[in-house]
Amino acid sequence: MKNVSPILEAKNLVKSFGRVMALDHCDFDLLPGEILAVIGDNGAGKSTLIKTLSGAITPDSGELFLAGQKIQFGSPIDARKQGIETVYQQLAMSPALSIADNMFMGRELRRPGFMGQVLRQLDRPAMEKFAREKLNELGLMTIQNIRQPVETLSGGQRQGVAVARAAAFGSRVIILDEPTAALGVKESRRVLELIVEVKARGIPIVLISHNMPHVFEVADRVHIHRLGKRLCVIDPKDYTMSDAVALMTGAKEPDTERSAA
Amino acid sequence: MKNVSPILEAKNLVKSFGRVMALDHCDFDLLPGEILAVIGDNGAGKSTLIKTLSGAITPDSGELFLAGQKIQFGSPIDARKQGIETVYQQLAMSPALSIADNMFMGRELRRPGFMGQVLRQLDRPAMEKFAREKLNELGLMTIQNIRQPVETLSGGQRQGVAVARAAAFGSRVIILDEPTAALGVKESRRVLELIVEVKARGIPIVLISHNMPHVFEVADRVHIHRLGKRLCVIDPKDYTMSDAVALMTGAKEPDTERSAA
Amino acid sequence: NDHTASACLITKTDTNPFFVKMREGAEAKAQELGMQLRSYAGRIDGDHETQVQAIETCIADGADGILLTASDTSSIVSAVEQARDAGLLVIALDTPLDPANAADATFATDNFRAGELIGAWAAARLGNDARNARIGLLNINVSQPSVGVLRNQGFLTGFGIDVGNPNRWGDETDSRIVGHDVSDGNEEGGRRAMENLLAQDPMINVVYTINEPAAAGAYQALRAINRENDVLIVSVDGSCSGVADIQDGVIGATAQQYPLSMASLGMEAIKRWAEDGVKPDPTPGKDFFDTGVSLVTDDAASGVESISVREGLNRCWG
Amino acid sequence: MTDRNNSFEKIAPEPTADIALPAFAPASTGFLSRLQHLLHSNPSMVPLIVLLMSVGVFGLVLGERFFSPFALTLILQQVQIVGIIAAAQSLIILTKGIDLSVGAIMVLSSVVMGQFTFRYGIPVPISIICGLICGMACGAVSGLLVSRMKLPPFIVTLGMWQIVLATNFLYSGNETIRAQIIETEAPLLQFFGTKFSIGGAVFTFGVIFMVLLIVGLAYALKHTAWGRHVYAVGDDIDAAELSGVKTGRVLLSVYMLSGLICAFAGWALIGRIGSVSPTAGQLSNIESITAVVIGGISLFGGRGSIMGALYGALIVGVFTLGLRLLGADAQWTYLLIGVLIICAVAVDQWIRRVSV
Amino acid sequence: MTDRNNSFEKIAPEPTADIALPAFAPASTGFLSRLQHLLHSNPSMVPLIVLLMSVGVFGLVLGERFFSPFALTLILQQVQIVGIIAAAQSLIILTKGIDLSVGAIMVLSSVVMGQFTFRYGIPVPISIICGLICGMACGAVSGLLVSRMKLPPFIVTLGMWQIVLATNFLYSGNETIRAQIIETEAPLLQFFGTKFSIGGAVFTFGVIFMVLLIVGLAYALKHTAWGRHVYAVGDDIDAAELSGVKTGRVLLSVYMLSGLICAFAGWALIGRIGSVSPTAGQLSNIESITAVVIGGISLFGGRGSIMGALYGALIVGVFTLGLRLLGADAQWTYLLIGVLIICAVAVDQWIRRVSV
Ligand SMILES: Nc1ncnc2c1ncn2[C@@H]1O[C@H](COP(=O)(O)OP(=O)(O)OP(=O)(O)O)[C@@H](O)[C@H]1O
Ligand SMILES: Nc1ncnc2c1ncn2[C@@H]1O[C@H](COP(=O)(O)OP(=O)(O)OP(=O)(O)O)[C@@H](O)[C@H]1O
Ligand SMILES: [Mg+2]
Ligand SMILES: [Mg+2]
């Protein structure tokens with residue numbers, strides 16, 4: 001693994017909110033094709049880290065590299081254009097718009113021919129068909145109507161829609177911030193399967209989760225975040241869940257030799 | 001258990017949102033001193049059920065009984081006055097106000113003497129001290145400043161504050177809608193311990209969760225919700241987690257004899 | 001012809017006492033003559049669209065004639081034409097239209113003349129001091145409606161100041177003018193405007209005001225710095241409370257108009273038009289029927305014709 | 001009770017997205033609650049129904065005087081300016097903004113059209129284009145301040161209102177350009193005033209323009225990506241930004257389009273009043289906001305249909321004309337319109353609150 | 001770099017709630033960014049600083065003419081009505097509402113005080129109490145419509161504005177009660193106009209009342225449960241309801257209090273203009289909203305301090321008088337105030353955007 005260069009890499013990220021230093025010279029790297037889990041206490045700065053990776057937050061200092069190239073994201077759109085798709089913890093949906101509208105927000109399909117090119121009409125049937133397929137893949141069959149506004153969905157259903165969106169469009173990196181937090185057992189399972197499927201397509205995934213069994217089930221490497229920085233990266237095969245929790249909460253110090261590259 | 005009369009009971013609750021029937025003649029009962037878990041698929045209607053129990057939603061029809069007395073809640077305040085304290089899935093906090101302000105919302109402490117009685121001045125120091133203690137009990141020590149606005153907290157920190165509020169003030173029933181969804185491992189553990197502590201105080205708890213290990217660890221009985229109604233109530237000692245999941249998702253039919261009272 | 005004649009009265013606003021009086025006059029006359037009367041008004045001074053809508057409503061309503069005090073004397077002309085084409089008699093009250101012959105007749109105060117009277121009176125009162133008078137002018141609002149411009153420029157002319165463009169206030173160069181401000185024609189605006197001018201030059205000694213409420217406001221401002229007795233305030237309107245203000249020494253002189261007679265003359269003209277098809281004639285020598293304006297003051301100045309406060313009170317807005 | 005079986009929880013295994021289920025019928029099935037349910041499923045119909053009802057009531061009371069093609073089309077002519085401005089206002093309000101400068105932009109644009117033609121002798125079509133550009137530029141300034149500098153729209157347009165209005169008075173020298181001159185020398189300026197009649201009904205190009213504009217905007221808002229983005233921005237601008245909408249660009253486009261529409265309203269205004277008057281339109285902001293809100297568009301952004309703005313403008317127009325024809329005194333008319341504004345919204349709210 | 005070690009993530013085990021940490025210093029430590037940080041931690045200071053700066057600038061340019069006790073206290077007198085009204089407006093805006101009827105309520109209350117005294121011969125103190133009750137009742141109507149029927153405040157107060165204003169004109173018969181009569185027969189009505197001077201500075205009771213009112217409200221909002229509830233309702237009304245605030249009652253109390261304050265403004269108005277005039281106060285809504293927003297209170301509710309409303313009113317007053325003293329003519333003053341409104345808010349925004 002030593003020779004593989006990371007697809008997404010961050011060095012020395014710093015981000016503070018007023019007096020709170022959410023990222024404190026934090027490093028990060030994601031290797032091609034892997035599932036990287038990020039774990040850490042509440043408020044450790046995980047969400048802030050992935051927001052800087054996805055362009056939603058501009059760091060105060062630090063550098064980002066995508067496939068070895070130094071990049072800067074001015075907005076989430078820039079990151080999306082590079083194929084980085086993110087599910088945020090607060091979901092980022094427009095409550096009054098339909099599920100299909102939300103899935104295609106910012107990359108709508110237009111009808112072919114005159115209606116689409118001149119009148120710029122949306123291709124609603126195509127978008128709805130696609131949205132329905134993606135939701136079915138996730139097993140979110142309790143959603144009755146693809147035209148229903150997102151605000152009428154239950155918390156878990158919304159989360160499902162967000163995950164489906166990311167999985168459908170992510171081409172280079174998919175970042176999931178606690179995607180199963182509000183999901184039922186069955187749905188959580190589907191999301192984990194989906195993560196593995198996406199990995200099989202060769203797309204690397206960043207997964208933030210507080211659910212250790214999930215993390216240890218799917219992750220190739222585990223980035224342990226503590227007090228705004230990367231404490232260490234471990235291989236889940238070499239560590240037990242309680243080791244990970246102990247590291248995360250500061251009950252144990254990392255063992256530099258054993259930690260994964 | 002047959003002889004104990006329920007502390008909180010609901011019969012034939014119906015609630016629909018437009019064409020969606022979130023509660024379809026649903027029954028519910030909570031026995032004194034027990035931990036009752038409510039599990040079910042996303043969108044099964046769990047949140048809607050507990051919202052009717054806590055007065056946040058008025059059901060279209062159906063009856064509520066508290067300690068055998070028929071009651072009607074016009075608002076969450078009515079329920080709180082009866083000692084029913086709820087943590088909602090969407091948390092119900094005022095983002096711009098401080099942690100202490102939020103914890104005491106609607107039951108503020110006033111200073112003694114002239115300042116409090118005539119000028120109605122709040123007793124900020126007392127409220128902040130109390131809030132800090134309650135947060136410490138939950139191990140939410142990463143929260144630096146009790147005066148900081150809730151909107152600057154991480155998702156998990158907010159959840160912690162909400163749980164602390166309910167535990168501090170609930171006197172007859174505490175209802176928790178997915179209290180550990182956004183919490184870290186350590187914090188989740190603290191919440192579970194807290195639930196057990198509260199039970200030890202003799203206060204019954206309704207716990208909605210998608211986390212089967214948590215449910216099976218603490219629950220005395222498990223209410224399985226499906227398609228807007230109670231499918232059955234089981235004793236977690238008699239069933240395995242996969243049985244429960246199978247019931248919840250419809251893969252298995254309930255066995256009327258074995259299910260708990 | 002058993003059809004009772006019906007008329008519309010359209011005023012700039014229905015909150016200004018001047019127009020209230022005008023409406024009272026029209027209503028009384030309508031009762032006397034057995035006519036039907038509908039009254040309309042804009043919401044604020046300068047609310048032109050509502051007046052256009054009112055004219056259209058009158059047409060739809062099949063009225064015989066319209067009495068109109070126009071907010072925008074030239075823009076209203078198209079709507080007036082439409083009404084005249086539909087066979088209605090349109091009479092401009094208080095303010096001539098632009099051009100004046102756009103209406104069938106005009107019963108109006110000569111606002112320029114009203115200004116001229118108070119200007120001449122103020123100059124005569126000051127005598128030689130007029131050459132180094134410090135003048136403050138409180139106009140109505142920044143949109144410079146024609147009534148306000150005419151009174152203002154009339155005052156300056158009467159006082160003996162070169163007005164520059166007679167269709168605009170504010171372009172004068174005479175150093176005696178301390179400044180212009182806007183008062184919205186009410187007490188509050190009058191006081192604020194006066195205070196602003198006083199802050200610029202506390203020694204102002206002549207104040208022109210667009211109407212009497214503004215004058216009352218200006219007086220309060222002067223009183224606050226104890227200068228109420230050494231400043232001449234002149235105004236236009238001659239309302240009963242305005243004339244009473246002269247009696248109390250608030251205002252030095254005012255130019256009195258006669259809205260009630262405008263309205264009743266107008267009603268009579270419409271009655272005649274509805275019954276006999278006869279249009280009224282203008283005052284000889286003017287392109288409108290001048291209902292007259294008199295200077296009211298107890299402090300008559302030589303060379304300026306005036307009536308006493310007692311007479312002013314008798315005739316106020318008659 | 002069979003209706004209940006159609007509720008969605010029962011239909012689990014297959015996604016049944018497009019099946020139109022019969023409306024859910026609650027326990028109380030009186031006529032009122034059925035009506036409420038019907039309207040609830042179509043909230044943009046509410047102002048339309050209020051409109052039709054008010055036309056009906058006034059028609060009954062006033063008879064022919066109101067129910068004539070002349071009177072009814074008169075209403076259309078009377079609301080055309082407010083209707084056009086309300087379309088501009090709706091766009092802004094859909095993005096959670098508010099535009100207090102609409103009336104001022106309208107008047108300045110019409111003054112530019114007039115003064116360019118008559119003061120500088122510029123050919124009329126070019127003057128008109130300059131006027132339209134002027135309106136769009138005013139919108140662009142507000143748009144830049146709102147989208148780039150993130151200033152609150154209320155305060156930006158409050159400032160712009162004063163700036164544009166003062167500019168208008170200073171530039172025009174408060175001088176009206178008279179209708180007669182325009183008619184003989186630059187009739188194109190009065191283009192939107194051109195009348196044609198069908199039966200006894202008299203329409204003007206301005207009325208047609210208003211209707212076409214609103215229908216066109218309704219299409220754009222519903223069926224193009226831009227329209228969806230406008231709603232998303234109004235709904236939750238942070239979420240929209242995170243999910244890939246160029247929110248800055250959407251906001252700017254909305255303010256510029258709204259400025260352009262106001263400029264068109266200025267052109268239509270010349271057609272309506274014949275002349276170019278710098279003092280017109282002083283109440284346009286409040287009137288357009290009234291129309292938009294009565295039309296059911298939420299002031300908190302992201303909800304409502306632009307057709308509502310048209311209905312809202314018409315409702316006010318119907319009440320105004322109807323009450324005038326009834327001979328109500330002006331102050332009583334204002335009082336009643338005040339009451340009716342509140343009632344219209346109360347009805348709307350009653351319908352929205354169905355079974356919640 | 002040592003500052004960074006103070007950032008909170010390092011202080012884990014003990015809750016360190018009350019320790020005031022040194023302000024975080026970012027990489028760029030220029031004067032500007034230090035100022036920005038300072039102000040950021042105290043956003044309610046921003047309008048105060050803008051105010052002091054504008055006083056300073058005008059003082060420098062105009063010298064004694066502006067920096068005299070006369071001119072400075074004149075500003076206070078000129079803003080007293082707007083300041084009182086802005087306090088009422090702030091309360092409403094803090095609950096995410098807006099009140100377009102403040103000016104109308106003020107005028108109606110003052111008319112009631114005057115007419116009751118002079119038309120019916122009721123003793124002055126009782127008339128004044130009736131006027132105050134009238135204002136509170138108007139507020140209560142709006143409050144009931146907003147809190148019970150959940151109608152949007154904008155439209156409710158738009159309707160109330162028209163209703164109250166029309167009532168005012170109908171009831172008063174558009175007749176002014178003259179200052180001289182009030183002075184001789186009911187001087188209590190002019191109570192708030194009573195002057196006293198300290199040095200060269202002239203104050204009126206109205207000015208004192210405005211300051212006391214705002215300080216009192218600031219206390220109530222910050223240090224009582226009611227005040228916290230007002231903020232919570234404006235922040236997120238559903239969350240407030242769920243967490244046990246009687247939102248309906250809070251809203252009603254806010255609207256009633258606001259109506260009462262408007263009635264006091266009506267009383268103060270009599271003191272200021274001497275007479276009782278039914279045509280006064282027509283611009284009060286827009287002026288009060290301007291003051292509130294310049295004062296940094298968010299139109300989206302729940303954020304801002306009521307002291308800001310006072311500063312906002314004073315900023316507008318300073319600019320108006322300052323520009324007039326600079327010799328700007330009325331139209332240019334309007335234009336410049338428009339520009340300055342935008343600039344004031346832009347500065348505010350720049351400060352709030354620190355390091356985000
Ligand atoms: N916009 C903001 N303003 C101020 N402080 C913030 C902001 N966003 C995050 N923080 C603070 O930064 C710290 C890190 O927050 P972050 O959301 O990244 O934590 P997290 O690791 O994702 O926690 P969780 O597991 O609870 O989601 C927290 O202390 C939080 O209070
Ligand atoms: N206010 C509402 N308007 C319309 N539909 C609603 C509303 N609230 C809930 N629903 C619908 O009612 C159903 C039940 O929702 P509820 O939130 O009770 O589910 P839940 O069991 O709590 O799910 P989860 O585990 O995902 O939180 C869902 O289909 C949801 O879409
Ligand atoms: Mg997080
Ligand atoms: Mg739920």
# chains A, B, ... in the order shown; residues from 1 in each chain; ligands from 1
$ select_by_dssp --residues "range 77-234 of chain B" --states "helix (DSSP H, G or I)" --output "PyMOL selection string"
chain B and resi 77-81+99-103+113-117+124-137+150-152+155-169+185-200+212-218
$ select_by_dssp --residues "range 39-287 of chain D" --states "strand (DSSP E)" --output "list in words"
Lys195, Phe196, Ser197, Ile198, Ala201, Val202, Phe203 and Thr204 of chain D
$ write_last_selection --atoms "C-alpha atoms" --output "short mmCIF file (atom, residue, chain, number, x, y, z; two decimals), in the first residue's frame"
data_model
loop_
_atom_site.label_atom_id
_atom_site.label_comp_id
_atom_site.auth_asym_id
_atom_site.auth_seq_id
_atom_site.Cartn_x
_atom_site.Cartn_y
_atom_site.Cartn_z
CA LYS D 195 -56.74 49.15 -27.54
CA PHE D 196 -58.70 46.57 -29.42
CA SER D 197 -62.07 45.21 -28.61
CA ILE D 198 -63.67 41.82 -28.78
CA ALA D 201 -64.73 43.98 -24.06
CA VAL D 202 -61.86 46.38 -24.50
CA PHE D 203 -58.37 45.04 -24.14
CA THR D 204 -55.06 46.80 -24.33
#
$ residues_near_ligand --ligand "ligand 2" --cutoff "6 Å" --atoms "only C-alpha atoms and all ligand atoms" --output "compact mmCIF listing (two decimals) with N, CA, C and O atoms, in the first residue's frame"
# COMPACT_ATOMS: atom_id res chain seq x y z
N THR A 152 -42.24 16.22 3.66
CA THR A 152 -43.23 15.29 4.18
C THR A 152 -42.62 13.92 4.46
O THR A 152 -43.34 13.01 4.88
N LEU A 153 -41.33 13.75 4.23
CA LEU A 153 -40.71 12.45 4.49
C LEU A 153 -40.30 12.34 5.95
O LEU A 153 -40.04 13.34 6.60
N SER A 154 -40.20 11.10 6.43
CA SER A 154 -39.67 10.92 7.78
C SER A 154 -38.16 11.14 7.74
O SER A 154 -37.54 11.13 6.68
N GLY A 155 -37.59 11.37 8.93
CA GLY A 155 -36.16 11.64 9.01
C GLY A 155 -35.33 10.61 8.25
O GLY A 155 -34.43 10.94 7.49
N GLY A 156 -35.67 9.35 8.45
CA GLY A 156 -34.90 8.29 7.82
C GLY A 156 -35.07 8.30 6.30
O GLY A 156 -34.11 8.08 5.56
N GLN A 157 -36.29 8.55 5.86
CA GLN A 157 -36.53 8.58 4.42
C GLN A 157 -35.68 9.67 3.76
O GLN A 157 -35.10 9.48 2.70
N PHE B 17 -51.87 12.59 7.44
CA PHE B 17 -51.38 13.82 6.80
C PHE B 17 -51.80 13.74 5.36
O PHE B 17 -51.18 13.01 4.58
N ALA B 22 -50.43 8.15 8.95
CA ALA B 22 -49.24 7.88 9.75
C ALA B 22 -49.58 7.01 10.95
O ALA B 22 -48.76 6.20 11.39
N ASP B 41 -39.75 0.34 11.02
CA ASP B 41 -39.09 0.87 9.83
C ASP B 41 -39.13 2.39 9.77
O ASP B 41 -39.93 3.02 10.46
N ASN B 42 -38.31 2.95 8.90
CA ASN B 42 -38.43 4.38 8.63
C ASN B 42 -39.82 4.66 8.08
O ASN B 42 -40.29 3.97 7.19
N GLY B 43 -40.44 5.69 8.61
CA GLY B 43 -41.75 6.06 8.10
C GLY B 43 -42.88 5.20 8.65
O GLY B 43 -44.02 5.33 8.22
N ALA B 44 -42.58 4.33 9.63
CA ALA B 44 -43.64 3.48 10.17
C ALA B 44 -44.63 4.30 11.00
O ALA B 44 -45.75 3.85 11.24
N GLY B 45 -44.21 5.45 11.46
CA GLY B 45 -45.12 6.29 12.24
C GLY B 45 -44.73 6.39 13.71
O GLY B 45 -45.53 6.82 14.53
N LYS B 46 -43.50 6.03 14.04
CA LYS B 46 -43.07 6.07 15.44
C LYS B 46 -43.05 7.50 15.97
O LYS B 46 -43.58 7.79 17.04
N SER B 47 -42.43 8.39 15.19
CA SER B 47 -42.36 9.78 15.66
C SER B 47 -43.75 10.37 15.80
O SER B 47 -44.03 11.11 16.74
N THR B 48 -44.62 10.05 14.86
CA THR B 48 -45.98 10.56 14.94
C THR B 48 -46.67 10.04 16.20
O THR B 48 -47.37 10.78 16.89
$ residues_around --residues "Met127 in chain A" --least-positions-apart "6" --cutoff "9 Å" --atoms "only C-alpha atoms" --output "PyMOL selection string"
chain A and resi 100-101+103-104+108-109
$ residues_around --residues "Val191 in chain A" --least-positions-apart "4" --cutoff "7 Å" --atoms "only C-alpha atoms" --output "PDB file with all heavy atoms, in the first residue's frame"
ATOM      1  N   LEU A 138     -31.918   1.289  -2.927  1.00  0.00           N
ATOM      2  CA  LEU A 138     -31.656   1.424  -1.500  1.00  0.00           C
ATOM      3  C   LEU A 138     -32.743   0.770  -0.655  1.00  0.00           C
ATOM      4  O   LEU A 138     -32.693   0.806   0.557  1.00  0.00           O
ATOM      5  CB  LEU A 138     -31.586   2.898  -1.121  1.00  0.00           C
ATOM      6  CG  LEU A 138     -30.219   3.531  -1.138  1.00  0.00           C
ATOM      7  CD1 LEU A 138     -30.331   4.995  -0.797  1.00  0.00           C
ATOM      8  CD2 LEU A 138     -29.303   2.843  -0.146  1.00  0.00           C
ATOM      9  N   GLU A 187     -32.679  -0.539   6.312  1.00  0.00           N
ATOM     10  CA  GLU A 187     -32.147   0.517   5.450  1.00  0.00           C
ATOM     11  C   GLU A 187     -30.658   0.705   5.693  1.00  0.00           C
ATOM     12  O   GLU A 187     -29.901   0.925   4.750  1.00  0.00           O
ATOM     13  CB  GLU A 187     -32.896   1.829   5.684  1.00  0.00           C
ATOM     14  CG  GLU A 187     -34.342   1.835   5.207  1.00  0.00           C
ATOM     15  CD  GLU A 187     -35.290   1.163   6.189  1.00  0.00           C
ATOM     16  OE1 GLU A 187     -34.828   0.765   7.270  1.00  0.00           O
ATOM     17  OE2 GLU A 187     -36.482   1.025   5.853  1.00  0.00           O
ATOM     18  N   ILE A 195     -22.497   0.794  -0.090  1.00  0.00           N
ATOM     19  CA  ILE A 195     -21.134   1.287   0.040  1.00  0.00           C
ATOM     20  C   ILE A 195     -20.160   0.264  -0.546  1.00  0.00           C
ATOM     21  O   ILE A 195     -19.244   0.596  -1.302  1.00  0.00           O
ATOM     22  CB  ILE A 195     -20.811   1.563   1.530  1.00  0.00           C
ATOM     23  CG1 ILE A 195     -21.584   2.791   2.002  1.00  0.00           C
ATOM     24  CG2 ILE A 195     -19.325   1.757   1.742  1.00  0.00           C
ATOM     25  CD1 ILE A 195     -21.442   3.083   3.484  1.00  0.00           C
TER      26      ILE A 195
END
$ closest_residue --among "B:Ser5, B:Ser242, B:Asn136, B:Thr58" --to "chain D" --atoms "only C-alpha atoms"
B:Thr58
$ atom_distance --atom1 "CA of Ser110 in chain E" --atom2 "CA of Lys21 in chain C"
22.6 Å
$ residues_around --residues "Gly114 in chain D" --least-positions-apart "4" --cutoff "10 Å" --atoms "only C-alpha atoms" --output "MDAnalysis selection string"
chainID D and resid 108:110 118:122 124 127:128 131 172 176:178 182 186 189 267 270 275:277
$ write_last_selection --atoms "C-alpha atoms" --output "PDB file, in the first residue's frame"
ATOM      1  CA  LEU D 108     -37.305  55.895 -13.619  1.00  0.00           C
ATOM      2  CA  SER D 109     -37.397  53.579 -16.636  1.00  0.00           C
ATOM      3  CA  SER D 110     -40.404  55.349 -18.082  1.00  0.00           C
ATOM      4  CA  PHE D 118     -37.637  64.197 -26.163  1.00  0.00           C
ATOM      5  CA  ARG D 119     -34.645  65.751 -24.468  1.00  0.00           C
ATOM      6  CA  TYR D 120     -31.920  64.181 -26.583  1.00  0.00           C
ATOM      7  CA  GLY D 121     -33.920  63.298 -29.690  1.00  0.00           C
ATOM      8  CA  ILE D 122     -32.794  59.687 -29.636  1.00  0.00           C
ATOM      9  CA  VAL D 124     -37.813  55.984 -29.893  1.00  0.00           C
ATOM     10  CA  SER D 127     -34.799  55.124 -26.031  1.00  0.00           C
ATOM     11  CA  ILE D 128     -37.064  52.274 -25.063  1.00  0.00           C
ATOM     12  CA  GLY D 131     -35.140  52.442 -20.498  1.00  0.00           C
ATOM     13  CA  SER D 172     -36.633  64.505 -14.824  1.00  0.00           C
ATOM     14  CA  THR D 176     -44.193  65.573 -17.078  1.00  0.00           C
ATOM     15  CA  ILE D 177     -44.026  64.859 -20.787  1.00  0.00           C
ATOM     16  CA  ARG D 178     -47.512  65.458 -22.037  1.00  0.00           C
ATOM     17  CA  ILE D 182     -46.057  61.641 -27.151  1.00  0.00           C
ATOM     18  CA  ALA D 186     -43.462  59.051 -30.358  1.00  0.00           C
ATOM     19  CA  LEU D 189     -44.009  54.870 -26.273  1.00  0.00           C
ATOM     20  CA  TRP D 267     -43.349  51.293 -20.678  1.00  0.00           C
ATOM     21  CA  ILE D 270     -46.820  55.323 -20.450  1.00  0.00           C
ATOM     22  CA  SER D 275     -47.854  60.756 -20.449  1.00  0.00           C
ATOM     23  CA  VAL D 276     -44.495  60.283 -18.788  1.00  0.00           C
ATOM     24  CA  SER D 277     -44.964  61.356 -15.208  1.00  0.00           C
TER      25      SER D 277
END
